[in-house]
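A.B. asks: See protein-v4.cif below, with mmCIF, C-alpha atoms.
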data_structure
#
loop_
_atom_site.label_atom_id
_atom_site.label_comp_id
_atom_site.auth_asym_id
_atom_site.auth_seq_id
_atom_site.Cartn_x
_atom_site.Cartn_y
_atom_site.Cartn_z
CA MET A 1167 74.58 72.63 111.30
CA ALA A 1168 71.19 72.55 113.08
CA ILE A 1169 71.74 68.91 114.14
CA SER A 1170 75.26 69.70 115.36
CA THR A 1171 74.04 72.72 117.35
CA TRP A 1172 71.24 70.72 118.95
CA TYR A 1173 73.52 67.77 119.72
CA PHE A 1174 76.34 69.88 121.15
CA GLY A 1175 73.94 71.94 123.28
CA LEU A 1176 72.23 68.86 124.69
CA VAL A 1177 75.51 67.10 125.54
CA GLU A 1178 76.89 70.28 127.14
CA PHE A 1179 73.74 70.70 129.23
CA VAL A 1180 73.72 67.06 130.38
CA GLY A 1181 77.43 67.26 131.26
CA VAL A 1182 77.07 70.44 133.31
CA PHE A 1183 73.88 69.17 134.96
CA SER A 1184 75.54 65.84 135.89
CA VAL A 1185 78.56 67.56 137.46
CA ALA A 1186 76.27 69.93 139.37
CA LEU A 1187 74.18 66.99 140.59
CA VAL A 1188 77.25 65.02 141.73
CA VAL A 1189 78.71 68.05 143.50
CA GLY A 1190 75.37 68.82 145.16
CA VAL A 1191 74.52 65.29 146.27
CA GLY A 1192 78.13 64.43 147.00
CA GLY A 1193 78.57 67.59 149.08
CA TRP A 1194 75.45 66.73 151.10
CA LEU A 1195 76.68 63.14 151.68
CA ALA A 1196 80.18 64.35 152.53
CA HIS A 1197 78.69 66.79 155.03
CA ARG A 1198 76.96 63.81 156.70
CA ASP A 1199 80.27 61.88 156.62
CA ALA A 1200 78.65 59.22 154.42
CA ILE A 1201 81.43 59.56 151.79
CA SER A 1202 84.74 61.39 151.62
CA VAL A 1203 85.47 64.57 149.65
CA GLY A 1204 87.97 62.54 147.59
CA THR A 1205 85.15 60.27 146.43
CA VAL A 1206 83.16 63.30 145.23
CA ALA A 1207 86.23 64.64 143.38
CA ALA A 1208 86.78 61.24 141.75
CA PHE A 1209 83.18 61.19 140.50
CA VAL A 1210 83.56 64.70 139.01
CA LEU A 1211 86.76 63.71 137.18
CA LEU A 1212 85.22 60.49 135.89
CA LEU A 1213 82.21 62.40 134.56
CA ALA A 1214 84.57 64.83 132.77
CA ASN A 1215 86.37 61.86 131.17
CA LEU A 1216 82.99 60.47 130.09
CA PHE A 1217 81.55 63.63 128.53
CA ASP A 1218 84.69 65.02 126.81
CA PRO A 1219 84.74 62.31 124.08
CA VAL A 1220 80.96 62.62 123.68
CA GLN A 1221 81.31 66.37 123.13
CA GLN A 1222 84.08 65.77 120.58
CA LEU A 1223 81.64 63.69 118.56
CA SER A 1224 79.77 66.89 117.65
CA GLN A 1225 83.00 68.43 116.33
CA LEU A 1226 83.68 65.24 114.39
CA TYR A 1227 80.18 65.45 112.94
CA ASN A 1228 80.92 68.99 111.70
CA THR A 1229 84.13 67.76 110.05
CA VAL A 1230 82.32 64.88 108.35
CA GLN A 1231 79.61 67.24 107.06
CA ALA A 1232 82.23 69.67 105.68
CA ALA A 1233 84.07 66.79 104.00
CA ALA A 1234 80.81 65.53 102.46
CA ALA A 1235 80.02 69.01 101.09
CA SER A 1236 83.53 69.29 99.61
CA LEU A 1237 83.23 65.87 98.04
CA HIS A 1238 79.87 66.84 96.54
CA LYS A 1239 81.46 69.96 94.99
CA LEU A 1240 84.31 67.83 93.65
CA TYR A 1241 81.88 65.42 91.97
CA GLU A 1242 80.01 68.39 90.47
CA LEU A 1243 83.28 69.69 89.05
CA ILE A 1244 84.20 66.30 87.58
CA ASP A 1245 80.72 65.86 86.07
CA ALA A 1246 80.53 69.42 84.68
CA GLU A 1247 80.03 69.65 80.94
CA PRO A 1248 82.27 72.26 79.26
CA ASP A 1249 80.47 75.26 77.75
CA VAL A 1250 82.64 74.94 74.65
CA ALA A 1251 82.61 71.39 73.30
CA GLU A 1252 85.08 69.81 70.92
CA HIS A 1253 83.80 68.88 67.47
CA PRO A 1254 83.25 65.12 66.95
CA HIS A 1255 85.76 65.18 64.08
CA PRO A 1256 88.21 67.94 65.03
CA VAL A 1257 90.98 69.31 62.82
CA ASP A 1258 94.25 70.99 63.73
CA LEU A 1259 94.64 74.71 63.21
CA PRO A 1260 97.43 75.90 60.89
CA ALA A 1261 100.66 77.26 62.37
CA SER A 1262 99.74 80.80 61.31
CA GLY A 1263 96.98 82.67 59.53
CA VAL A 1264 94.46 85.47 59.65
CA LEU A 1265 92.22 85.55 62.72
CA ALA A 1266 88.82 86.83 61.59
CA ALA A 1267 85.32 87.39 62.95
CA HIS A 1268 82.57 87.07 60.34
CA ASP A 1269 79.39 88.97 61.31
CA VAL A 1270 79.56 87.65 64.87
CA THR A 1271 76.73 88.18 67.35
CA PHE A 1272 76.82 86.89 70.91
CA ALA A 1273 74.55 86.92 73.97
CA TYR A 1274 75.33 85.42 77.37
CA ASP A 1275 73.05 82.67 78.67
CA GLY A 1276 69.94 84.07 80.28
CA SER A 1277 70.46 87.52 78.81
CA THR A 1278 67.92 89.03 76.44
CA ARG A 1279 70.35 91.73 75.40
CA PRO A 1280 73.29 90.78 73.11
CA ALA A 1281 76.79 91.54 74.37
CA LEU A 1282 78.07 91.87 70.80
CA VAL A 1283 76.29 92.53 67.50
CA GLY A 1284 77.53 92.07 63.92
CA LEU A 1285 81.27 92.06 64.61
CA ALA A 1286 83.32 91.92 61.40
CA LEU A 1287 87.05 92.05 62.05
CA SER A 1288 90.21 90.65 60.44
CA ILE A 1289 93.60 90.51 62.21
CA ALA A 1290 96.67 89.79 60.06
CA PRO A 1291 99.51 87.52 61.26
CA GLY A 1292 101.91 89.48 63.48
CA GLU A 1293 99.51 92.42 63.89
CA ARG A 1294 98.84 94.05 67.25
CA LEU A 1295 95.22 95.02 67.83
CA ALA A 1296 94.04 97.01 70.85
CA LEU A 1297 90.42 96.75 72.02
CA VAL A 1298 89.20 99.91 73.72
CA GLY A 1299 85.89 101.29 74.90
CA PRO A 1300 83.82 102.12 77.98
CA THR A 1301 83.33 99.62 80.78
CA GLY A 1302 80.78 96.98 79.78
CA ALA A 1303 80.96 97.89 76.09
CA GLY A 1304 81.99 94.36 75.03
CA LYS A 1305 85.82 94.47 74.83
CA SER A 1306 86.40 91.39 76.96
CA THR A 1307 83.60 89.58 75.13
CA VAL A 1308 85.41 90.15 71.81
CA ALA A 1309 88.66 88.82 73.30
CA LYS A 1310 86.91 85.73 74.73
CA LEU A 1311 85.19 84.97 71.43
CA LEU A 1312 88.42 85.35 69.43
CA SER A 1313 90.10 82.85 71.77
CA ARG A 1314 87.02 80.57 71.79
CA LEU A 1315 86.28 80.79 75.46
CA TYR A 1316 82.73 81.18 74.11
CA ASP A 1317 81.10 80.29 70.82
CA PRO A 1318 79.21 83.01 68.93
CA THR A 1319 75.43 82.94 68.90
CA ALA A 1320 75.54 83.80 65.20
CA GLY A 1321 78.36 84.13 62.68
CA ARG A 1322 81.74 82.42 62.90
CA ILE A 1323 85.35 83.02 63.90
CA THR A 1324 88.16 81.56 61.80
CA PHE A 1325 91.91 81.19 62.01
CA GLY A 1326 93.62 80.48 58.71
CA ASP A 1327 90.14 79.95 57.18
CA VAL A 1328 89.40 77.17 59.72
CA ASP A 1329 86.32 77.71 61.89
CA LEU A 1330 87.43 77.61 65.55
CA ARG A 1331 84.45 75.36 66.33
CA LEU A 1332 86.03 72.67 64.12
CA ALA A 1333 89.45 72.89 65.78
CA SER A 1334 90.68 70.32 68.28
CA MET A 1335 91.02 71.74 71.79
CA GLY A 1336 94.68 70.77 71.91
CA SER A 1337 95.60 72.68 68.77
CA LEU A 1338 93.34 75.62 69.71
CA ARG A 1339 95.03 76.12 73.10
CA ARG A 1340 98.47 75.73 71.52
CA CYS A 1341 97.62 78.29 68.84
CA ILE A 1342 95.74 80.91 70.90
CA VAL A 1343 96.79 81.67 74.48
CA VAL A 1344 95.07 84.04 76.90
CA VAL A 1345 97.08 85.89 79.58
CA PRO A 1346 94.66 87.28 82.23
CA GLN A 1347 95.23 90.27 84.50
CA GLU A 1348 96.21 87.93 87.31
CA GLY A 1349 97.17 84.32 86.66
CA PHE A 1350 96.24 81.68 89.25
CA LEU A 1351 99.12 79.82 90.89
CA PHE A 1352 98.79 76.42 92.55
CA GLY A 1353 100.62 74.91 95.48
CA GLY A 1354 103.92 73.55 94.09
CA THR A 1355 107.22 74.74 92.69
CA VAL A 1356 107.89 77.39 90.07
CA PHE A 1357 108.68 74.53 87.68
CA ASP A 1358 105.28 72.91 88.38
CA ASN A 1359 103.32 76.13 87.95
CA ILE A 1360 104.86 77.03 84.61
CA ARG A 1361 104.54 73.46 83.34
CA VAL A 1362 100.74 73.68 83.83
CA ALA A 1363 100.61 75.23 80.34
CA ARG A 1364 102.31 72.21 78.77
CA PRO A 1365 102.34 69.19 81.09
CA GLY A 1366 104.81 67.24 78.95
CA ALA A 1367 107.47 69.97 79.10
CA THR A 1368 110.84 69.22 80.71
CA ASN A 1369 112.68 71.41 83.21
CA ASP A 1370 114.96 72.54 80.37
CA ASP A 1371 111.88 73.65 78.40
CA VAL A 1372 110.74 75.74 81.37
CA VAL A 1373 114.19 77.30 81.71
CA GLU A 1374 114.16 78.17 78.00
CA ALA A 1375 110.72 79.78 78.34
CA LEU A 1376 111.91 81.97 81.22
CA ALA A 1377 115.07 82.89 79.32
CA ALA A 1378 113.01 83.75 76.22
CA ILE A 1379 111.19 86.51 78.11
CA GLY A 1380 114.33 87.58 79.97
CA VAL A 1381 113.37 86.73 83.57
CA LEU A 1382 115.34 83.52 84.25
CA GLU A 1383 117.80 85.22 86.62
CA ARG A 1384 114.99 86.70 88.71
CA PHE A 1385 113.58 83.24 89.49
CA GLU A 1386 117.00 81.64 89.94
CA GLU A 1387 117.59 84.16 92.75
CA LEU A 1388 114.71 82.70 94.78
CA PRO A 1389 115.74 80.67 97.89
CA GLU A 1390 115.52 77.29 96.10
CA GLY A 1391 115.61 78.67 92.56
CA LEU A 1392 112.95 77.21 90.28
CA ASP A 1393 112.30 74.49 92.87
CA THR A 1394 110.96 77.12 95.30
CA GLU A 1395 107.51 76.24 96.67
CA VAL A 1396 105.19 79.12 95.78
CA ARG A 1397 102.32 77.91 98.04
CA GLU A 1398 98.62 78.23 97.26
CA ARG A 1399 97.81 81.22 95.01
CA GLY A 1400 101.53 81.98 94.83
CA SER A 1401 101.61 83.61 98.28
CA ARG A 1402 105.43 83.43 98.42
CA LEU A 1403 105.79 85.46 95.23
CA SER A 1404 105.16 89.13 94.57
CA ALA A 1405 102.34 90.24 92.24
CA GLY A 1406 104.90 90.91 89.53
CA GLU A 1407 106.50 87.48 89.88
CA ARG A 1408 103.10 85.81 89.69
CA GLN A 1409 102.41 87.65 86.45
CA LEU A 1410 105.83 86.66 85.10
CA VAL A 1411 104.85 83.03 85.73
CA SER A 1412 101.75 83.63 83.55
CA LEU A 1413 103.93 85.07 80.79
CA ALA A 1414 106.34 82.15 81.07
CA ARG A 1415 103.40 79.75 80.66
CA ALA A 1416 102.52 81.52 77.40
CA ALA A 1417 106.15 81.43 76.25
CA LEU A 1418 106.28 77.69 77.00
CA VAL A 1419 103.31 77.07 74.68
CA ASP A 1420 104.77 79.41 72.00
CA PRO A 1421 101.38 80.38 70.48
CA ALA A 1422 100.66 82.12 67.21
CA VAL A 1423 98.07 84.41 68.84
CA LEU A 1424 98.36 86.09 72.24
CA VAL A 1425 95.29 87.58 73.95
CA LEU A 1426 96.11 89.97 76.80
CA ASP A 1427 93.75 91.47 79.36
CA GLU A 1428 96.10 94.38 80.26
CA ALA A 1429 98.66 92.23 82.04
CA THR A 1430 100.33 95.15 83.88
CA SER A 1431 97.28 97.03 85.19
CA ASN A 1432 97.51 95.77 88.79
CA LEU A 1433 101.26 96.12 89.37
CA ASP A 1434 103.39 98.69 91.14
CA PRO A 1435 105.61 100.87 88.89
CA GLY A 1436 108.84 99.06 89.86
CA THR A 1437 107.55 95.61 89.03
CA GLU A 1438 105.55 96.88 86.09
CA SER A 1439 108.69 97.80 84.13
CA VAL A 1440 110.04 94.25 84.49
CA VAL A 1441 106.74 92.72 83.35
CA GLU A 1442 106.51 95.22 80.47
CA ARG A 1443 109.94 94.17 79.18
CA ALA A 1444 109.04 90.48 79.45
CA LEU A 1445 105.75 91.17 77.70
CA GLU A 1446 107.45 92.96 74.81
CA ARG A 1447 109.73 89.98 74.27
CA LEU A 1448 106.80 87.59 74.45
CA MET A 1449 104.76 89.57 71.89
CA GLY A 1450 107.55 89.65 69.32
CA GLY A 1451 106.51 87.99 66.03
CA ARG A 1452 103.02 87.04 67.24
CA THR A 1453 99.50 88.22 66.56
CA VAL A 1454 98.49 90.15 69.69
CA ILE A 1455 95.02 91.19 70.88
CA VAL A 1456 95.05 93.35 73.98
CA VAL A 1457 92.13 94.64 76.03
CA ALA A 1458 93.63 98.05 76.74
CA HIS A 1459 93.02 100.37 79.68
CA ARG A 1460 95.98 102.69 79.19
CA LEU A 1461 96.86 105.13 76.44
CA SER A 1462 100.49 103.97 76.36
CA THR A 1463 99.37 100.43 75.57
CA VAL A 1464 96.95 101.58 72.89
CA GLN A 1465 99.52 103.74 71.11
CA ARG A 1466 101.85 100.76 70.65
CA ALA A 1467 99.18 98.83 68.73
CA ASP A 1468 99.13 98.65 64.93
CA ARG A 1469 95.36 99.16 64.89
CA ILE A 1470 92.72 100.07 67.43
CA ALA A 1471 89.17 98.70 67.56
CA VAL A 1472 86.69 100.83 69.50
CA ILE A 1473 83.81 98.84 70.99
CA ASP A 1474 80.76 100.70 72.26
CA HIS A 1475 77.28 99.44 73.14
CA ALA A 1476 78.08 95.95 71.76
CA HIS A 1477 79.17 97.28 68.34
CA LEU A 1478 82.49 97.86 66.63
CA VAL A 1479 82.17 101.60 66.01
CA GLU A 1480 85.70 102.59 64.90
CA LEU A 1481 88.77 100.81 63.52
CA GLY A 1482 92.11 102.29 62.55
CA THR A 1483 95.49 103.55 63.76
CA HIS A 1484 95.92 105.92 66.70
CA ALA A 1485 96.61 108.89 64.42
CA GLU A 1486 93.68 108.11 62.10
CA LEU A 1487 91.16 107.78 64.90
CA VAL A 1488 92.33 110.90 66.74
CA ALA A 1489 92.06 112.89 63.47
CA ARG A 1490 88.55 111.54 62.95
CA GLY A 1491 87.39 113.18 66.18
CA GLY A 1492 84.97 110.40 67.13
CA ARG A 1493 84.61 108.00 70.09
CA TYR A 1494 88.31 107.17 70.27
CA ALA A 1495 89.35 110.82 70.25
CA ALA A 1496 86.97 111.41 73.17
CA LEU A 1497 88.48 108.44 75.05
CA VAL A 1498 92.01 109.79 74.49
CA GLU A 1499 90.98 113.18 75.81
CA ALA A 1500 89.42 111.56 78.88
CA TRP A 1501 92.57 109.49 79.46
CA LEU A 1502 94.80 112.54 79.26
CA ARG A 1503 92.62 114.44 81.74
CA SER A 1504 92.29 111.66 84.31
CA GLN A 1505 95.59 109.77 84.24
CA PRO A 1506 98.90 110.91 85.76
CA ALA A 1507 101.58 111.50 83.16
CA SER A 1508 103.52 108.38 84.16
CA HIS A 1509 100.48 106.12 83.77
CA VAL A 1510 98.91 107.17 80.48
#
Mind turning the file's structure into structure tokens?

C.D. replies:
Amino acid sequence: MAISTWYFGLVEFVGVFSVALVVGVGGWLAHRDAISVGTVAAFVLLLANLFDPVQQLSQLYNTVQAAAASLHKLYELIDAEPDVAEHPHPVDLPASGVLAAHDVTFAYDGSTRPALVGLALSIAPGERLALVGPTGAGKSTVAKLLSRLYDPTAGRITFGDVDLRLASMGSLRRCIVVVPQEGFLFGGTVFDNIRVARPGATNDDVVEALAAIGVLERFEELPEGLDTEVRERGSRLSAGERQLVSLARAALVDPAVLVLDEATSNLDPGTESVVERALERLMGGRTVIVVAHRLSTVQRADRIAVIDHAHLVELGTHAELVARGGRYAALVEAWLRSQPASHV
């Protein structure tokens, strides 16, 4: 940037100075009838033709520098080593089983304070577990560890008695799928964006996934149907439709375990009801772990795990924990005081 600024400023100064010099000297000579005014004008135009391409070189230099920086970032991305590595001799996870954390402790890199301490938790096949607690308590950390987005610092996490660190990445991502609050969409069609979850899937597979969660007609009503270009970040789709694409990706994989980071928290009420219905169909018959921010979501869970200050402090059903009068009961009371009736 410094070189470009210096170069552009110098060229601009020389160009303006040259034109001023030609006009000054040429005007003096024209006044003495040594040359015509047309000759002076011709010189000015020729100088403009000379300096315009030279000035454009500075803009070209900026473009080359930006391209070089982008290429450097691309190489860094290609060379990046994944935080979670595949075992040298991986095994496939079973089709179903108990997802369990065995005395798990975890700390983020560079942190001296653990984000989770001594987690012991067992989730039965088909069970719905809600993770609740104050902001920063460790709810999302639990969800990320259970889906092996991170490996525990101590302890182990198993699915069907198989340590997740021994599982092949292919079978792990087929077995456990994470649906974030807002899924990222790429430039391409609806077909392309859903097929990201399973690149070998056919168009018929994508159609079946959309039908399975009950939203096929909504996407068929788009201008070009499922061949509609969604553009970068899904700018042609509404927030609800973008989230439905995320749910369709999960349905296409057909996982045994579904991890949800409150998939309806950023939607308007009209769209939220559509996503809620699709979500209910997607969760049917699967083990579900949801990071919950609403009382209505928590109450639909089979069990509730309360995380506070990096520890699992309470575990049980909604009724059991309310009757206990502990941390969860206090959270429920706070929810009821702060949330409108239609959003609890």

A.B. asks: If the PyMOL selection byres ((chain A and resi 1264-1280) around 9) were run on this exact file, what residues would it hold? Put them as a count of residues only.

C.D. replies: 31

A.B. asks: Considering all atoms listed in the file, can you say which of A:Val1419, A:Ile1379, A:Ser1401, A:Glu1428 comes closest to Ala1367 in chain A?

C.D. replies: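 Counting all atoms listed in the file, the residue closest to Ala1367 in chain A is A:Val1419.
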
A.B. asks: Evaluate the PyMOL selection byres ((chain A and resi 1467) around 12) against this structure - the residues, as an MDAnalysis selection string, please.

C.D. replies: chainID A and resid 1289 1292:1298 1446 1449 1453:1458 1460:1466 1468:1471 1481:1485

A.B. asks: For those residues, write C-alpha atoms to a file as a PDB file, keeping the file's coordinate frame.

C.D. replies:
ATOM      1  CA  ILE A1289      93.600  90.510  62.210  1.00  0.00           C
ATOM      2  CA  GLY A1292     101.910  89.480  63.480  1.00  0.00           C
ATOM      3  CA  GLU A1293      99.510  92.420  63.890  1.00  0.00           C
ATOM      4  CA  ARG A1294      98.840  94.050  67.250  1.00  0.00           C
ATOM      5  CA  LEU A1295      95.220  95.020  67.830  1.00  0.00           C
ATOM      6  CA  ALA A1296      94.040  97.010  70.850  1.00  0.00           C
ATOM      7  CA  LEU A1297      90.420  96.750  72.020  1.00  0.00           C
ATOM      8  CA  VAL A1298      89.200  99.910  73.720  1.00  0.00           C
ATOM      9  CA  GLU A1446     107.450  92.960  74.810  1.00  0.00           C
ATOM     10  CA  MET A1449     104.760  89.570  71.890  1.00  0.00           C
ATOM     11  CA  THR A1453      99.500  88.220  66.560  1.00  0.00           C
ATOM     12  CA  VAL A1454      98.490  90.150  69.690  1.00  0.00           C
ATOM     13  CA  ILE A1455      95.020  91.190  70.880  1.00  0.00           C
ATOM     14  CA  VAL A1456      95.050  93.350  73.980  1.00  0.00           C
ATOM     15  CA  VAL A1457      92.130  94.640  76.030  1.00  0.00           C
ATOM     16  CA  ALA A1458      93.630  98.050  76.740  1.00  0.00           C
ATOM     17  CA  ARG A1460      95.980 102.690  79.190  1.00  0.00           C
ATOM     18  CA  LEU A1461      96.860 105.130  76.440  1.00  0.00           C
ATOM     19  CA  SER A1462     100.490 103.970  76.360  1.00  0.00           C
ATOM     20  CA  THR A1463      99.370 100.430  75.570  1.00  0.00           C
ATOM     21  CA  VAL A1464      96.950 101.580  72.890  1.00  0.00           C
ATOM     22  CA  GLN A1465      99.520 103.740  71.110  1.00  0.00           C
ATOM     23  CA  ARG A1466     101.850 100.760  70.650  1.00  0.00           C
ATOM     24  CA  ASP A1468      99.130  98.650  64.930  1.00  0.00           C
ATOM     25  CA  ARG A1469      95.360  99.160  64.890  1.00  0.00           C
ATOM     26  CA  ILE A1470      92.720 100.070  67.430  1.00  0.00           C
ATOM     27  CA  ALA A1471      89.170  98.700  67.560  1.00  0.00           C
ATOM     28  CA  LEU A1481      88.770 100.810  63.520  1.00  0.00           C
ATOM     29  CA  GLY A1482      92.110 102.290  62.550  1.00  0.00           C
ATOM     30  CA  THR A1483      95.490 103.550  63.760  1.00  0.00           C
ATOM     31  CA  HIS A1484      95.920 105.920  66.700  1.00  0.00           C
ATOM     32  CA  ALA A1485      96.610 108.890  64.420  1.00  0.00           C
TER      33      ALA A1485
END

A.B. asks: Could you work out how far CA of Glu1480 in chain A lies from CA of Gly1492 in chain A, giving the answer in Å with one decimal?

C.D. replies: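 These two atoms are separated by 8.2 Å.
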
A.B. asks: Please indicate the distance in Å from CA of Pro1300 in chain A to CA of Glu1438 in chain A, rounded to one decimal place.

C.D. replies: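 Interatomic distance, CA of Pro1300 in chain A to CA of Glu1438 in chain A: 23.8 Å.
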
A.B. asks: To one decimal place in Å, what is the distance between CA of Val1185 in chain A and CA of Gln1221 in chain A?

C.D. replies: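 It comes out at 14.6 Å.
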
A.B. asks: The centre and edge lengths of an axis-aligned box containing all atoms of range 1453-1456 of chain A present in the file, extended by 3 Å on each side, are to be given in Å to one decimal, as JSON.

C.D. replies:
{"center_x": 97.3, "center_y": 90.8, "center_z": 70.3, "size_x": 10.5, "size_y": 11.1, "size_z": 13.4}

A.B. asks: Exactly which residues make up the result of the PyMOL selection byres ((chain A and resi 1334) around 10) on this file, given as a PDB file with C-alpha atoms, in the coordinates of the input?

C.D. replies:
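selection-v5.pdb, written as the output of this step:
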ATOM      1  CA  ALA A1251      82.610  71.390  73.300  1.00  0.00           C
ATOM      2  CA  GLU A1252      85.080  69.810  70.920  1.00  0.00           C
ATOM      3  CA  HIS A1253      83.800  68.880  67.470  1.00  0.00           C
ATOM      4  CA  PRO A1254      83.250  65.120  66.950  1.00  0.00           C
ATOM      5  CA  HIS A1255      85.760  65.180  64.080  1.00  0.00           C
ATOM      6  CA  PRO A1256      88.210  67.940  65.030  1.00  0.00           C
ATOM      7  CA  VAL A1257      90.980  69.310  62.820  1.00  0.00           C
ATOM      8  CA  ASP A1258      94.250  70.990  63.730  1.00  0.00           C
ATOM      9  CA  LEU A1259      94.640  74.710  63.210  1.00  0.00           C
ATOM     10  CA  LEU A1330      87.430  77.610  65.550  1.00  0.00           C
ATOM     11  CA  ARG A1331      84.450  75.360  66.330  1.00  0.00           C
ATOM     12  CA  LEU A1332      86.030  72.670  64.120  1.00  0.00           C
ATOM     13  CA  ALA A1333      89.450  72.890  65.780  1.00  0.00           C
ATOM     14  CA  MET A1335      91.020  71.740  71.790  1.00  0.00           C
ATOM     15  CA  GLY A1336      94.680  70.770  71.910  1.00  0.00           C
ATOM     16  CA  SER A1337      95.600  72.680  68.770  1.00  0.00           C
ATOM     17  CA  LEU A1338      93.340  75.620  69.710  1.00  0.00           C
ATOM     18  CA  ARG A1339      95.030  76.120  73.100  1.00  0.00           C
TER      19      ARG A1339
END

A.B. asks: List the residues sitting within 9 Å of (101.4, 82.6, 92.3) in the file's frame, using all atoms listed in the file, as an MDAnalysis selection string.

C.D. replies: chainID A and resid 1348:1353 1356 1359 1396:1405 1407:1409 1411:1412
